[in-house]
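Q: Pasting a structure below so you can have a look.
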Amino acid sequence: MSVPVLEIRNLHVDFKTRHGVLHALNGISFSIARGEVLGVVGESGAGKSLTGSAIIGLLEPPGHIAGGEIYLNGARIDGLDFESMRHIRGKKIGTIFQDPLTSLDPLFRVGEQLIETIRTHLPLDEKQARARAISLLADVGIPAPEKRIDAYPHEFSGGMRQRVVIALALAAEPDLVIADEPTTALDVSVQAQIIEVLKKLCRERGTAVMLITHDMGVIAETADRVAVMYAGRVAEIGPVRSVVQHPQHPYAQGLMGSIPPLDQHPSQLQQIEGSMPRLSAIPKGCAFHPRCPLVIDACHQTQPELRASGESFAACIRAGEAA
Amino acid sequence: MLAFILRRLMQSVLVLVVVVLLAFTMFRFVGDPVNQIVSLDTPAEQVAEVRKSLGLDDPVPVQIMRYLYHVVQFDFGISYQFRQPVVDLLAERAPATLELALMSSLISLLVGIPMGVYTALRRDGFFARLFQSISLIGVSLPTFLIGILLIYLFAVTLGWLPSFGRGQVVTVYGRWTTGFLTVSGLKALILPSITLGLYQMTLIMRLVRSEMLEVLRADHIKFARARGLTTHSIHFRHALKSTLVPVITIAGLQLGSIIAFAVITETVFQWPGMGALFLKAVQNVDIPIMAAYLMIISALFVSINMIVDLLYAFVDPRLRTTIKN
């Protein structure tokens with residue numbers, strides 16, 4: 001088996017606060033193969049974006065990696081010094097953030113931003129970098145790129161700006177793209193286009209993608225595998241079809257059950273009772289047990305490890321049992 | 001762009017007219033200038049004659065119109081106390097004030113901006129904290145006190161620098177007197193320009209610091225980091241440029257107030273500038289000088305404001321479209 005592009009083993013991220021240490025990520029493990037799209041879903045605060053920040057080494061203090069390992073193409077990258085990590089960011093790992101309206105520097109032409117990024121990572125001169133920038137803009141579907149390259153970000157629409165952001169993330173042909181809710185801030189009609197562009201370009205280049213989103217529709221259409229996160233842990237991970245259609249973990253079951261079906265009109269939308277615990281009050285044992293319909297005594301005691309269940313892996317001692 | 005400038009010029013003229021009206025209303029309460037000109041035993045007929053010759057017996061609206069009529073021809077009248085044209089008096093003293101203001105602005109920008117950037121980037125460093133504490137002194141101490149303290153330390157105790165005056169000045173281009181070309185002129189500039197610029201410097205430093213801290217948290221800086229740009233480029237290309245947009249406005253307005261508030265510094269250092277002339281004019285109810293000084297200061301403020309707006313558009317492309325339309 002070839003080495004995965006990204007492998008995370010037992011990653012812990014802590015926040016030191018005045019009221020003690022908060023464990024924001026509690027032993028996350030997953031890997032992404034070359035060309036694969038891994039969807040990461042979960043409620044706000046489950047640790048999705050935090051995982052992304054930890055991978056690129058840009059956790060905001062006081063957040064820090066408290067344990068575990070991160071490998072990129074088999075080489076360990078957690079704990080690298082800032083300068084070595086800088087050469088990985090942008091060059092090996094491209095990142096796309098949620099809000100295209102604020103991701104670009106408003107005071108520089110998009111061309112200047114593209115060329116600066118390209119020349120930071122690739123040994124090209126100004127002219128070659130400009131040519132590359134134009135072809136990148138063409139790749140992401142910006143019409144008349146040789147003209148638009150000299151426009152400022154405010155002269156683009158939201159969808160077009162997110163295309164520019166994608167071009168920036170792909171500027172140096174990274175092996176991995178971390179897309180942190182790339183479509184959340186966009187119109188529904190534009191969302192599909194953006195996902196399509198991202199999917200196409202990454203397939204062509206064999207780029208692995210970690211796609212963080214709330215949108216199960218996007219996941220179902222785009223991802224190869226999906227990881228469901230809950231309270232800083234991976235609750236379930238497996239092939240997208242199996243997780244969406246036959247979720248094994250009760251939380252994943254609840255999540256999938258809460259997607260309203262298109263062909264019926266239920267009088268009431270389904271929801272998971274309660275809300276995710278705050279980081280300062282994660283219950284002992286399985287973090288999901290206070291909300292779990294299948295809870296038994298053992299759930300209060302031990303945090304279950306991921307284990308094979310159906311086609312997926314689920315962190316639940318009653319995995320696979322229907323609610 | 002041209003339309004924008006023309007529109008702003010029209011507005012500026014309006015502002016200046018309003019300043020004249022306000023000034024005239026105010027001057028009616030500062031005292032009777034005729035009393036300053038005549039002596040106590042001057043006969044009443046002569047007093048009336050002086051009043052008539054100065055046009056002070058006309059109704060106020062007539063006086064204002066007459067004043068405006070002369071002002072548009074750059075005739076600001078004759079000073080009551082010096083019996084000389086106001087234009088000559090101000091022109092003679094303007095170089096002193098402008099050179100002082102220039103030095104103060106340079107000090108406040110060239111020291112204030114780097115200090116602000118430094119304290120933002122090394123937020124918890126020893127020097128950053130030190131600068132922060134010192135800046136508090138600069139913001140809270142009144143100008144005249146700073147001036148007196150500096151005189152006490154560097155002129156009286158150490159004897160390094162002169163405590164008053166402009167030193168040796170050289171006349172260039174006909175009538176402009178400059179202190180930049182002689183050693184004593186430069187030495188004489190140091191203390192007053194520090195005194196005048198210190199407040200602005202600390203203000204700019206604190207403003208740059210807080211703006212920069214804000215910008216460093218912005219999404220586009222986060223994205224710049226995620227793109228692996230060098231720290232140098234992120235701090236000094238991207239973050240600094242965003243920081244300077246709001247700083248330009250404040251710095252521009254501060255330049256105006258540096259000139260306007262030179263009055264105090266000029267008094268402390270007996271600096272022969274327009275501010276000192278203005279103070280003397282107030283004491284002697286010399287209305288032509290007061291009016292002209294107010295006009296000049298407001299004209300300065302108005303033009304600085306316009307330059308700031310244009311600079312804004314130069315730095316921030318988003319505003320260029322606004323100005324074009």
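Please note that chains go A, B, ... in the order of the structure tokens, that every chain numbers its residues from 1, and that ligands are numbered from 1 in the order shown.
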Define the interface residues of chain B facing chain A as those within 8 Å, counting only C-alpha atoms, and report them as a ChimeraX atom specification.

A: /B:218-223,225-230,238,241-242,315-318

Q: Convert the current residue selection to file output with all heavy atoms, as a compact mmCIF listing (two decimals), in the first residue's frame.

A:
# COMPACT_ATOMS: atom_id res chain seq x y z
N ALA B 218 -7.07 39.59 11.04
CA ALA B 218 -8.03 39.57 9.94
C ALA B 218 -7.89 38.30 9.11
O ALA B 218 -6.84 37.65 9.08
CB ALA B 218 -7.83 40.79 9.05
N ASP B 219 -8.98 37.95 8.42
CA ASP B 219 -9.01 36.73 7.62
C ASP B 219 -7.96 36.73 6.52
O ASP B 219 -7.35 35.70 6.24
CB ASP B 219 -10.39 36.56 6.99
CG ASP B 219 -11.41 36.05 7.98
OD1 ASP B 219 -10.98 35.72 9.11
OD2 ASP B 219 -12.59 35.97 7.65
N HIS B 220 -7.77 37.89 5.88
CA HIS B 220 -6.85 37.85 4.73
C HIS B 220 -5.41 37.66 5.20
O HIS B 220 -4.59 37.13 4.46
CB HIS B 220 -7.02 39.07 3.83
CG HIS B 220 -6.52 40.36 4.39
ND1 HIS B 220 -7.34 41.26 5.01
CD2 HIS B 220 -5.29 40.90 4.41
CE1 HIS B 220 -6.64 42.31 5.38
NE2 HIS B 220 -5.39 42.11 5.04
N ILE B 221 -5.10 38.03 6.43
CA ILE B 221 -3.76 37.76 6.97
C ILE B 221 -3.64 36.28 7.31
O ILE B 221 -2.60 35.65 7.05
CB ILE B 221 -3.50 38.65 8.21
CG1 ILE B 221 -3.47 40.12 7.79
CG2 ILE B 221 -2.20 38.26 8.89
CD1 ILE B 221 -2.40 40.47 6.78
N LYS B 222 -4.71 35.72 7.85
CA LYS B 222 -4.72 34.28 8.15
C LYS B 222 -4.50 33.50 6.84
O LYS B 222 -3.73 32.54 6.79
CB LYS B 222 -6.08 33.93 8.77
CG LYS B 222 -6.13 32.60 9.47
CD LYS B 222 -7.46 32.49 10.24
CE LYS B 222 -8.13 31.19 9.95
NZ LYS B 222 -9.57 31.18 10.27
N PHE B 223 -5.19 33.95 5.79
CA PHE B 223 -5.06 33.27 4.50
C PHE B 223 -3.65 33.46 3.94
O PHE B 223 -3.08 32.54 3.35
CB PHE B 223 -6.12 33.80 3.52
CG PHE B 223 -6.19 33.05 2.23
CD1 PHE B 223 -6.32 31.66 2.21
CD2 PHE B 223 -6.12 33.71 1.02
CE1 PHE B 223 -6.38 30.96 1.02
CE2 PHE B 223 -6.18 33.02 -0.19
CZ PHE B 223 -6.31 31.65 -0.19
N ARG B 225 -0.97 33.69 5.68
CA ARG B 225 -0.13 32.73 6.41
C ARG B 225 -0.31 31.34 5.85
O ARG B 225 0.65 30.60 5.65
CB ARG B 225 -0.50 32.73 7.90
CG ARG B 225 -0.07 33.95 8.62
CD ARG B 225 0.23 33.63 10.08
NE ARG B 225 0.64 34.85 10.75
CZ ARG B 225 -0.21 35.66 11.38
NH1 ARG B 225 -1.48 35.34 11.48
NH2 ARG B 225 0.23 36.75 11.94
N ALA B 226 -1.59 30.98 5.58
CA ALA B 226 -1.88 29.63 5.08
C ALA B 226 -1.29 29.43 3.70
O ALA B 226 -1.08 28.30 3.27
CB ALA B 226 -3.39 29.40 5.04
N ARG B 227 -1.03 30.54 2.98
CA ARG B 227 -0.39 30.41 1.67
C ARG B 227 1.12 30.30 1.79
O ARG B 227 1.82 30.22 0.79
CB ARG B 227 -0.73 31.63 0.81
CG ARG B 227 -2.10 31.58 0.20
CD ARG B 227 -2.30 32.72 -0.76
NE ARG B 227 -2.64 33.96 -0.07
CZ ARG B 227 -2.27 35.17 -0.49
NH1 ARG B 227 -1.52 35.30 -1.56
NH2 ARG B 227 -2.63 36.23 0.17
N GLY B 228 1.63 30.37 3.01
CA GLY B 228 3.06 30.20 3.23
C GLY B 228 3.89 31.40 2.84
O GLY B 228 5.09 31.27 2.60
N LEU B 229 3.28 32.60 2.79
CA LEU B 229 4.07 33.79 2.49
C LEU B 229 5.07 34.03 3.63
O LEU B 229 4.86 33.59 4.75
CB LEU B 229 3.16 35.01 2.33
CG LEU B 229 2.10 34.91 1.24
CD1 LEU B 229 1.37 36.23 1.09
CD2 LEU B 229 2.70 34.50 -0.09
N THR B 230 6.15 34.75 3.31
CA THR B 230 7.14 35.00 4.35
C THR B 230 6.56 35.93 5.41
O THR B 230 5.70 36.76 5.12
CB THR B 230 8.40 35.66 3.77
OG1 THR B 230 8.00 36.88 3.15
CG2 THR B 230 9.07 34.79 2.73
N HIS B 238 1.50 43.20 3.55
CA HIS B 238 0.05 43.09 3.65
C HIS B 238 -0.51 43.79 4.88
O HIS B 238 -1.40 44.63 4.77
CB HIS B 238 -0.36 41.62 3.60
CG HIS B 238 -0.03 40.97 2.29
ND1 HIS B 238 -0.83 41.12 1.18
CD2 HIS B 238 1.01 40.22 1.90
CE1 HIS B 238 -0.29 40.46 0.16
NE2 HIS B 238 0.83 39.91 0.57
N LYS B 241 0.14 47.77 5.11
CA LYS B 241 -0.64 48.58 4.18
C LYS B 241 -2.08 48.74 4.68
O LYS B 241 -2.63 49.83 4.65
CB LYS B 241 -0.62 47.95 2.78
CG LYS B 241 -0.99 48.94 1.69
CD LYS B 241 -0.69 48.43 0.29
CE LYS B 241 -1.18 49.42 -0.75
NZ LYS B 241 -1.08 48.93 -2.11
N SER B 242 -2.66 47.64 5.14
CA SER B 242 -4.02 47.74 5.68
C SER B 242 -4.05 48.66 6.90
O SER B 242 -5.01 49.40 7.11
CB SER B 242 -4.54 46.36 6.10
OG SER B 242 -4.65 45.53 4.98
N VAL B 315 -4.29 54.66 -1.68
CA VAL B 315 -3.92 53.45 -0.95
C VAL B 315 -4.99 52.36 -1.10
O VAL B 315 -4.68 51.20 -1.26
CB VAL B 315 -3.70 53.76 0.55
CG1 VAL B 315 -3.36 52.49 1.31
CG2 VAL B 315 -2.59 54.78 0.70
N ASP B 316 -6.27 52.77 -1.02
CA ASP B 316 -7.33 51.76 -1.00
C ASP B 316 -8.09 51.74 -2.33
O ASP B 316 -8.84 52.66 -2.63
CB ASP B 316 -8.29 52.08 0.15
CG ASP B 316 -9.22 50.90 0.41
OD1 ASP B 316 -9.44 50.11 -0.54
OD2 ASP B 316 -9.69 50.74 1.54
N PRO B 317 -7.89 50.70 -3.13
CA PRO B 317 -8.53 50.64 -4.44
C PRO B 317 -10.06 50.68 -4.35
O PRO B 317 -10.72 51.11 -5.29
CB PRO B 317 -8.05 49.31 -5.02
CG PRO B 317 -7.61 48.50 -3.86
CD PRO B 317 -7.11 49.49 -2.84
N ARG B 318 -10.62 50.23 -3.23
CA ARG B 318 -12.08 50.20 -3.12
C ARG B 318 -12.67 51.60 -3.17
O ARG B 318 -13.80 51.80 -3.56
CB ARG B 318 -12.51 49.52 -1.81
CG ARG B 318 -12.32 48.02 -1.86
CD ARG B 318 -12.43 47.43 -0.49
NE ARG B 318 -11.37 47.91 0.39
CZ ARG B 318 -11.18 47.49 1.62
NH1 ARG B 318 -11.99 46.61 2.13
NH2 ARG B 318 -10.19 47.95 2.34

Q: For the structure I just gave you, how does DSSP split stretch 103-199 of chain A - specifically, which residues are strand (DSSP E)? Reply as a ChimeraX atom specification.

A: /A:176-180

Q: Would you list the contacts of B:Ile78 as a ChimeraX atom specification, taking every protein, DNA or RNA residue within 12 Å and counting only C-alpha atoms, but skipping same-chain residues closer than 3 positions in sequence?

A: /B:53-54,67,70,75,81-90,286-292

Q: Which neighbours of B:Leu196 fall inside 12 Å, counting only C-alpha atoms, when residues of the same chain fewer than 3 positions from it are skipped, and could you give them as a PDB file with C-alpha atoms, in the first residue's frame?

A:
ATOM      1  CA  THR B  97       5.959  77.967  12.056  1.00  0.00           C
ATOM      2  CA  GLU B  99       9.531  74.559   9.530  1.00  0.00           C
ATOM      3  CA  LEU B 100       8.664  73.744  13.111  1.00  0.00           C
ATOM      4  CA  ALA B 101       5.489  71.950  12.027  1.00  0.00           C
ATOM      5  CA  LEU B 102       7.357  70.041   9.330  1.00  0.00           C
ATOM      6  CA  MET B 103       9.988  68.804  11.778  1.00  0.00           C
ATOM      7  CA  SER B 104       7.341  67.839  14.329  1.00  0.00           C
ATOM      8  CA  SER B 105       5.317  65.924  11.754  1.00  0.00           C
ATOM      9  CA  LEU B 106       8.404  64.133  10.495  1.00  0.00           C
ATOM     10  CA  ILE B 107       9.355  63.155  14.031  1.00  0.00           C
ATOM     11  CA  SER B 108       5.847  61.991  14.852  1.00  0.00           C
ATOM     12  CA  GLY B 138       3.235  61.546  25.956  1.00  0.00           C
ATOM     13  CA  VAL B 139      -0.518  61.404  25.589  1.00  0.00           C
ATOM     14  CA  LEU B 141       1.276  65.417  29.732  1.00  0.00           C
ATOM     15  CA  PRO B 142       0.291  68.896  28.519  1.00  0.00           C
ATOM     16  CA  THR B 143       2.496  70.387  25.819  1.00  0.00           C
ATOM     17  CA  PHE B 144       3.745  73.363  27.799  1.00  0.00           C
ATOM     18  CA  LEU B 145       4.871  71.101  30.633  1.00  0.00           C
ATOM     19  CA  ILE B 146       6.843  68.879  28.254  1.00  0.00           C
ATOM     20  CA  GLY B 147       8.439  71.994  26.799  1.00  0.00           C
ATOM     21  CA  ILE B 148       9.409  73.352  30.192  1.00  0.00           C
ATOM     22  CA  LEU B 150      12.871  69.680  28.122  1.00  0.00           C
ATOM     23  CA  LEU B 189      14.677  73.329  16.206  1.00  0.00           C
ATOM     24  CA  ILE B 190      15.249  70.170  18.237  1.00  0.00           C
ATOM     25  CA  LEU B 191      13.520  70.962  21.526  1.00  0.00           C
ATOM     26  CA  PRO B 192      10.467  72.789  20.111  1.00  0.00           C
ATOM     27  CA  SER B 193       9.794  70.172  17.464  1.00  0.00           C
ATOM     28  CA  TYR B 199       1.802  64.135  21.558  1.00  0.00           C
ATOM     29  CA  GLN B 200       1.165  63.351  17.895  1.00  0.00           C
ATOM     30  CA  MET B 201       3.933  60.774  17.921  1.00  0.00           C
ATOM     31  CA  THR B 202       2.504  58.837  20.828  1.00  0.00           C
ATOM     32  CA  GLN B 254      -2.880  65.847  13.259  1.00  0.00           C
ATOM     33  CA  LEU B 255      -0.667  67.774  10.866  1.00  0.00           C
ATOM     34  CA  SER B 257      -3.489  70.590  14.582  1.00  0.00           C
ATOM     35  CA  ILE B 258       0.306  70.650  14.810  1.00  0.00           C
ATOM     36  CA  ILE B 259       0.244  73.955  12.940  1.00  0.00           C
ATOM     37  CA  ALA B 260      -2.750  75.247  14.858  1.00  0.00           C
ATOM     38  CA  PHE B 261      -1.426  74.287  18.282  1.00  0.00           C
ATOM     39  CA  ALA B 262       2.042  75.548  17.584  1.00  0.00           C
ATOM     40  CA  VAL B 263       0.761  78.574  19.521  1.00  0.00           C
ATOM     41  CA  ILE B 264       1.644  77.013  22.858  1.00  0.00           C
ATOM     42  CA  THR B 265       5.025  75.637  21.832  1.00  0.00           C
ATOM     43  CA  GLU B 266       5.940  78.924  20.175  1.00  0.00           C
ATOM     44  CA  THR B 267       5.123  80.750  23.365  1.00  0.00           C
ATOM     45  CA  VAL B 268       7.157  78.399  25.564  1.00  0.00           C
ATOM     46  CA  PHE B 269      10.204  78.611  23.285  1.00  0.00           C
ATOM     47  CA  TRP B 271       9.597  80.928  18.674  1.00  0.00           C
TER      48      TRP B 271
END

Q: Write out as a ChimeraX atom specification which residues come within 12 Å of B:Trp176 when counting only C-alpha atoms, dropping same-chain ones fewer than 5 positions away.

A: /B:88,90-99,169-171

Q: Which residues are close to A:Tyr230, i.e. within 8 Å by only C-alpha atoms, leaving aside same-chain residues fewer than 3 positions away? Reply as a list of chain:residue names.

A: A:Gly42, A:Glu43, A:Ala46, A:Gly47, A:Arg233, A:Val234, A:Ala235, A:Met276, A:Ala287, A:Phe288

Q: Report as a ChimeraX atom specification all protein, DNA and RNA residues lying within 12 Å of A:Arg148, evaluated on only C-alpha atoms, omitting residues in the same chain fewer than 4 positions from it.

A: /A:109-112,133-138,141-144,152-156,160-161,164

Q: What would the file look like if the residues just selected were written as a PDB file, in the first residue's frame with C-alpha atoms?

A:
ATOM      1  CA  ARG A 109      -4.658  43.104  -7.227  1.00  0.00           C
ATOM      2  CA  VAL A 110      -5.524  39.394  -7.434  1.00  0.00           C
ATOM      3  CA  GLY A 111      -2.611  39.011  -9.841  1.00  0.00           C
ATOM      4  CA  GLU A 112      -0.177  40.458  -7.311  1.00  0.00           C
ATOM      5  CA  ALA A 133      -1.353  32.970 -12.617  1.00  0.00           C
ATOM      6  CA  ILE A 134      -3.384  33.601 -15.771  1.00  0.00           C
ATOM      7  CA  SER A 135      -3.613  29.900 -16.551  1.00  0.00           C
ATOM      8  CA  LEU A 136      -4.657  29.185 -12.945  1.00  0.00           C
ATOM      9  CA  LEU A 137      -7.424  31.772 -13.208  1.00  0.00           C
ATOM     10  CA  ALA A 138      -8.525  30.164 -16.458  1.00  0.00           C
ATOM     11  CA  GLY A 141     -13.209  29.306 -14.612  1.00  0.00           C
ATOM     12  CA  ILE A 142     -12.611  33.058 -14.458  1.00  0.00           C
ATOM     13  CA  PRO A 143     -13.570  34.542 -17.819  1.00  0.00           C
ATOM     14  CA  ALA A 144     -10.990  36.742 -19.592  1.00  0.00           C
ATOM     15  CA  TYR A 152      -8.924  44.111  -7.276  1.00  0.00           C
ATOM     16  CA  PRO A 153     -10.837  41.614  -5.122  1.00  0.00           C
ATOM     17  CA  HIS A 154     -13.768  44.005  -4.645  1.00  0.00           C
ATOM     18  CA  GLU A 155     -14.334  43.928  -8.393  1.00  0.00           C
ATOM     19  CA  PHE A 156     -15.252  40.218  -8.214  1.00  0.00           C
ATOM     20  CA  MET A 160     -15.637  34.532  -8.433  1.00  0.00           C
ATOM     21  CA  ARG A 161     -13.605  35.483  -5.384  1.00  0.00           C
ATOM     22  CA  VAL A 164      -9.594  33.112  -6.975  1.00  0.00           C
TER      23      VAL A 164
END

Q: Pull the closest atom pair for each residue of stretch 6-117 of chain A that gets at most 12 Å from stretch 302-311 of chain A, along with the distance in Å to one decimal, counting only C-alpha atoms, ordering rows by chain and then ascending residue number, as a Markdown table.

A:
| residue | atom | partner | partner_atom | distance |
| --- | --- | --- | --- | --- |
| A:Asn10 | CA | A:Glu305 | CA | 11.0 |
| A:Asn26 | CA | A:Gln303 | CA | 10.5 |
| A:Gly27 | CA | A:Glu305 | CA | 9.8 |
| A:Ile28 | CA | A:Leu306 | CA | 10.2 |
| A:Ser29 | CA | A:Leu306 | CA | 9.3 |
| A:Phe30 | CA | A:Leu306 | CA | 10.6 |

Q: Have a look at B:Ile137, B:Met306, B:Val18, B:Leu294 and name the one nearest to B:Phe278; count only C-alpha atoms.

A: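 For B:Phe278, the nearest of the given residues is B:Leu294.
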
Q: Considering only C-alpha atoms, can you say which of A:Ile178, A:Val140, A:Ala33, A:Ala167 comes closest to A:Thr51?

A: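 Among the listed residues, A:Ile178 lies closest to A:Thr51.
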
Q: Extract the full set of alpha helix (DSSP H) residues from stretch 85-289 of chain A according to DSSP on the backbone, and format it as a ChimeraX atom specification.

A: /A:85-88,100-103,110-121,126-139,145-148,158-169,188-205,216-222,240-245,250-257
